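Remarks on the structure that follows.
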Amino acid sequence: MCAPHAIWRTIRRPFRAPSCLSCTWETYDFDRAGCLKCGAGHHCAANAADSTCPLVTNDDLSRVCPITGFVLHEVRHAKDEFIDTGTAADAPPTQLASLTTLDNEVLAVLHSLLTSPRARHYRADENARQARKLTNSLARTLKQAKADGAQSPPNVCRSLAEVIHAERNLRFVRPASQELLDHCARQILLSLVELRAKGVRLASGARLRNLICGMAYLLRTGLTYHTHVLITAVDEIAECLPFENKLEAYFGFSSKVICETENEIKLVFRSHYQR
């Protein structure tokens, strides 16, 4: 139990029930709350991937916890932007068709990497491999404890804690929600439209698919040129994308496309701003 919640429980106790199905929450910090009936604690995570909150989406597409009012740190944008200094005009049919093609290409690549049967097969293989590493590490730790000549049986909880610490860099691949896929597709499409406005040709084919794949990986940290945001970061995607060294074996993309995409985008904007 964390210190802030322990202090809150000390102040609010005794509680009427050991647990309850419908908690009555009291917020005592900007991201923490406690139940006045059973003393249970609620802590809001800083990102959607680790969040256990029943998140609610606002009109500006920000996501907020209804228990504490904590708002996730995300780039927000309204569904319907209003500009009182411009006029509406229908885009030419050729531009609409081109934008639709781009959108379909982006969704196809992201579906292949995140939600396709091939992606599920990769995720199962990779997570099983990570689990085997943990199991083998625990077996070695227990065997070593036995070899050290301990008089009593080894403490499994302590051994497990040592293994988790030793293997703390292991990363299990998480499944991506449709909401996350759509959000990433929107960010990539916006970046592609901006690249096209700078004169980059985006004809359908292997080159475009490689570009989209590279941009998907750049979403992990985002990409900026001086103060201009070229690609907006989506933190949650980092836990859902395949490892770079497995891209070619499972998905047919070379891991080089990530570096090549970053260099190409920076070169386009560098050339544009130096004119």
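We name chains A, B, ... following the order of the structure tokens; residues begin at 1 in each chain, and ligands are numbered from 1 as shown.
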
Do you know which residues are at most 12 Å from His165 of chain A counting only C-alpha atoms, after dropping those on the same chain fewer than 5 positions away, and could you put them as number ranges by chain?
A: 134, 137-138, 158-160, 170

What does the file look like for those residues with N, CA and C atoms, as a PDB file, in the first residue's frame?
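Output file selection.pdb follows:
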```pdb
ATOM      1  N   LEU A 134      11.393 -15.901 -18.229  1.00  0.00           N
ATOM      2  CA  LEU A 134      11.108 -15.712 -16.807  1.00  0.00           C
ATOM      3  C   LEU A 134      11.116 -17.048 -16.061  1.00  0.00           C
ATOM      4  N   SER A 137      14.663 -18.342 -15.747  1.00  0.00           N
ATOM      5  CA  SER A 137      15.417 -17.537 -14.784  1.00  0.00           C
ATOM      6  C   SER A 137      15.033 -17.892 -13.353  1.00  0.00           C
ATOM      7  N   LEU A 138      13.717 -18.119 -13.121  1.00  0.00           N
ATOM      8  CA  LEU A 138      13.269 -18.515 -11.781  1.00  0.00           C
ATOM      9  C   LEU A 138      13.828 -19.879 -11.406  1.00  0.00           C
ATOM     10  N   ARG A 158      10.693 -14.258  -2.522  1.00  0.00           N
ATOM     11  CA  ARG A 158      11.928 -13.488  -2.654  1.00  0.00           C
ATOM     12  C   ARG A 158      12.640 -13.827  -3.958  1.00  0.00           C
ATOM     13  N   SER A 159      12.668 -15.130  -4.296  1.00  0.00           N
ATOM     14  CA  SER A 159      13.311 -15.544  -5.546  1.00  0.00           C
ATOM     15  C   SER A 159      12.594 -14.942  -6.747  1.00  0.00           C
ATOM     16  N   LEU A 160      11.274 -14.930  -6.701  1.00  0.00           N
ATOM     17  CA  LEU A 160      10.507 -14.360  -7.803  1.00  0.00           C
ATOM     18  C   LEU A 160      10.778 -12.866  -7.937  1.00  0.00           C
ATOM     19  N   LEU A 170      12.423  -7.159 -19.792  1.00  0.00           N
ATOM     20  CA  LEU A 170      11.521  -7.948 -20.634  1.00  0.00           C
ATOM     21  C   LEU A 170      10.266  -7.137 -20.936  1.00  0.00           C
TER      22      LEU A 170
END
```

For Val268 of chain A, find every residue with an atom within 10 Å (counting only C-alpha atoms), except residues of its own chain fewer than 3 positions away, and show them as a list in words.
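Neighbouring residues, sequence-local ones excluded: Leu195, Lys198, Gly199, Val200, Asn263, Glu264, Ile265, Ser271, His272 and Tyr273 of chain A.
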
Alpha helix (DSSP H) residues, from DSSP on the backbone, in segment 22-230 of chain A, as a ChimeraX atom specification:
/A:93-114,117-147,156-166,178-197,206-218

Residues of the last selection are to be written out with C-alpha atoms, as an mmCIF file, in the first residue's frame.
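Listing of result.cif after writing:
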```
data_model
loop_
_atom_site.group_PDB
_atom_site.id
_atom_site.type_symbol
_atom_site.label_atom_id
_atom_site.label_comp_id
_atom_site.auth_asym_id
_atom_site.auth_seq_id
_atom_site.Cartn_x
_atom_site.Cartn_y
_atom_site.Cartn_z
ATOM 1 C CA PRO A 93 -12.893 14.735 -56.566
ATOM 2 C CA THR A 94 -9.285 13.771 -57.416
ATOM 3 C CA GLN A 95 -8.032 15.082 -54.066
ATOM 4 C CA LEU A 96 -10.791 13.244 -52.195
ATOM 5 C CA ALA A 97 -9.960 10.008 -53.948
ATOM 6 C CA SER A 98 -6.273 10.485 -53.186
ATOM 7 C CA LEU A 99 -6.981 11.130 -49.501
ATOM 8 C CA THR A 100 -9.206 8.057 -49.325
ATOM 9 C CA THR A 101 -6.436 5.962 -50.879
ATOM 10 C CA LEU A 102 -3.940 7.264 -48.339
ATOM 11 C CA ASP A 103 -6.297 6.496 -45.481
ATOM 12 C CA ASN A 104 -6.836 2.945 -46.740
ATOM 13 C CA GLU A 105 -3.086 2.390 -47.099
ATOM 14 C CA VAL A 106 -2.439 3.640 -43.550
ATOM 15 C CA LEU A 107 -5.164 1.438 -42.066
ATOM 16 C CA ALA A 108 -3.924 -1.581 -44.026
ATOM 17 C CA VAL A 109 -0.341 -1.249 -42.738
ATOM 18 C CA LEU A 110 -1.417 -0.618 -39.126
ATOM 19 C CA HIS A 111 -3.849 -3.543 -39.287
ATOM 20 C CA SER A 112 -1.020 -5.775 -40.515
ATOM 21 C CA LEU A 113 1.295 -4.685 -37.673
ATOM 22 C CA LEU A 114 -1.224 -4.597 -34.820
ATOM 23 C CA PRO A 117 -3.840 -12.775 -37.759
ATOM 24 C CA ARG A 118 -0.115 -12.446 -38.469
ATOM 25 C CA ALA A 119 0.186 -9.860 -35.671
ATOM 26 C CA ARG A 120 -1.682 -12.142 -33.257
ATOM 27 C CA HIS A 121 0.595 -15.044 -34.208
ATOM 28 C CA TYR A 122 3.691 -12.896 -33.595
ATOM 29 C CA ARG A 123 2.321 -11.626 -30.263
ATOM 30 C CA ALA A 124 1.637 -15.169 -29.041
ATOM 31 C CA ASP A 125 5.115 -16.353 -30.065
ATOM 32 C CA GLU A 126 6.894 -13.364 -28.534
ATOM 33 C CA ASN A 127 4.976 -13.392 -25.247
ATOM 34 C CA ALA A 128 5.533 -17.159 -24.921
ATOM 35 C CA ARG A 129 9.270 -16.595 -25.450
ATOM 36 C CA GLN A 130 9.325 -13.881 -22.784
ATOM 37 C CA ALA A 131 7.417 -16.135 -20.374
ATOM 38 C CA ARG A 132 9.927 -18.956 -20.958
ATOM 39 C CA LYS A 133 12.776 -16.580 -20.116
ATOM 40 C CA LEU A 134 11.108 -15.712 -16.807
ATOM 41 C CA THR A 135 10.437 -19.389 -16.036
ATOM 42 C CA ASN A 136 14.011 -20.424 -16.807
ATOM 43 C CA SER A 137 15.417 -17.537 -14.784
ATOM 44 C CA LEU A 138 13.269 -18.515 -11.781
ATOM 45 C CA ALA A 139 14.393 -22.148 -12.088
ATOM 46 C CA ARG A 140 18.049 -21.082 -12.112
ATOM 47 C CA THR A 141 17.532 -18.857 -9.071
ATOM 48 C CA LEU A 142 15.862 -21.646 -7.066
ATOM 49 C CA LYS A 143 18.517 -24.137 -8.145
ATOM 50 C CA GLN A 144 21.262 -21.733 -7.049
ATOM 51 C CA ALA A 145 19.573 -21.235 -3.687
ATOM 52 C CA LYS A 146 19.510 -25.002 -3.217
ATOM 53 C CA ALA A 147 23.158 -25.315 -4.268
ATOM 54 C CA VAL A 156 9.791 -18.441 -3.527
ATOM 55 C CA CYS A 157 8.438 -14.900 -3.172
ATOM 56 C CA ARG A 158 11.928 -13.488 -2.654
ATOM 57 C CA SER A 159 13.311 -15.544 -5.546
ATOM 58 C CA LEU A 160 10.507 -14.360 -7.803
ATOM 59 C CA ALA A 161 11.201 -10.734 -6.850
ATOM 60 C CA GLU A 162 14.889 -11.215 -7.703
ATOM 61 C CA VAL A 163 13.948 -12.716 -11.087
ATOM 62 C CA ILE A 164 11.563 -9.895 -11.931
ATOM 63 C CA HIS A 165 14.263 -7.377 -11.060
ATOM 64 C CA ALA A 166 16.901 -9.219 -13.089
ATOM 65 C CA GLN A 178 -9.395 -0.395 -32.326
ATOM 66 C CA GLU A 179 -9.469 3.050 -30.708
ATOM 67 C CA LEU A 180 -5.659 3.121 -30.534
ATOM 68 C CA LEU A 181 -5.358 1.922 -34.145
ATOM 69 C CA ASP A 182 -7.742 4.641 -35.365
ATOM 70 C CA HIS A 183 -5.933 7.321 -33.366
ATOM 71 C CA CYS A 184 -2.540 6.302 -34.777
ATOM 72 C CA ALA A 185 -3.959 6.153 -38.307
ATOM 73 C CA ARG A 186 -5.275 9.696 -37.910
ATOM 74 C CA GLN A 187 -1.882 11.006 -36.756
ATOM 75 C CA ILE A 188 -0.035 9.291 -39.622
ATOM 76 C CA LEU A 189 -2.565 10.522 -42.183
ATOM 77 C CA LEU A 190 -2.152 14.112 -40.975
ATOM 78 C CA SER A 191 1.625 13.802 -41.339
ATOM 79 C CA LEU A 192 1.296 12.302 -44.826
ATOM 80 C CA VAL A 193 -0.991 15.116 -45.949
ATOM 81 C CA GLU A 194 1.535 17.646 -44.664
ATOM 82 C CA LEU A 195 4.359 15.848 -46.505
ATOM 83 C CA ARG A 196 2.319 15.876 -49.699
ATOM 84 C CA ALA A 197 1.771 19.609 -49.286
ATOM 85 C CA ALA A 206 5.934 -0.604 -51.528
ATOM 86 C CA ARG A 207 7.546 2.802 -50.952
ATOM 87 C CA LEU A 208 4.375 4.228 -49.396
ATOM 88 C CA ARG A 209 3.874 1.133 -47.223
ATOM 89 C CA ASN A 210 7.464 1.364 -46.000
ATOM 90 C CA LEU A 211 6.949 5.047 -45.217
ATOM 91 C CA ILE A 212 3.786 4.312 -43.224
ATOM 92 C CA CYS A 213 5.526 1.480 -41.338
ATOM 93 C CA GLY A 214 8.410 3.785 -40.425
ATOM 94 C CA MET A 215 5.988 6.494 -39.267
ATOM 95 C CA ALA A 216 4.162 3.962 -37.077
ATOM 96 C CA TYR A 217 7.413 3.339 -35.180
ATOM 97 C CA LEU A 218 8.187 7.061 -35.018
#
```

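The coordinates place atom CA of Arg63 of chain A at 23.2 Å from atom CA of Ala40 of chain A.
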
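The space separating atom CA of Phe30 of chain A from atom CA of Cys65 of chain A comes to 10.6 Å.
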
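The two atoms in question, atom CA of Ala48 of chain A and atom CA of Glu236 of chain A, are spaced 6.6 Å apart.
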
Which residues are near Ala33 of chain A? Cut-off 10 Å, only C-alpha atoms, ignore same chain within fewer than 3 positions. Put them as a PyMOL selection string.
chain A and resi 4-5+8+24-30+36+39-44+67-68

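The smallest atom-to-atom distance between Phe172 of chain A and any of A:Ile11, A:Ala45, A:Ile231, A:Ala238, using only C-alpha atoms, is found for A:Ala238.
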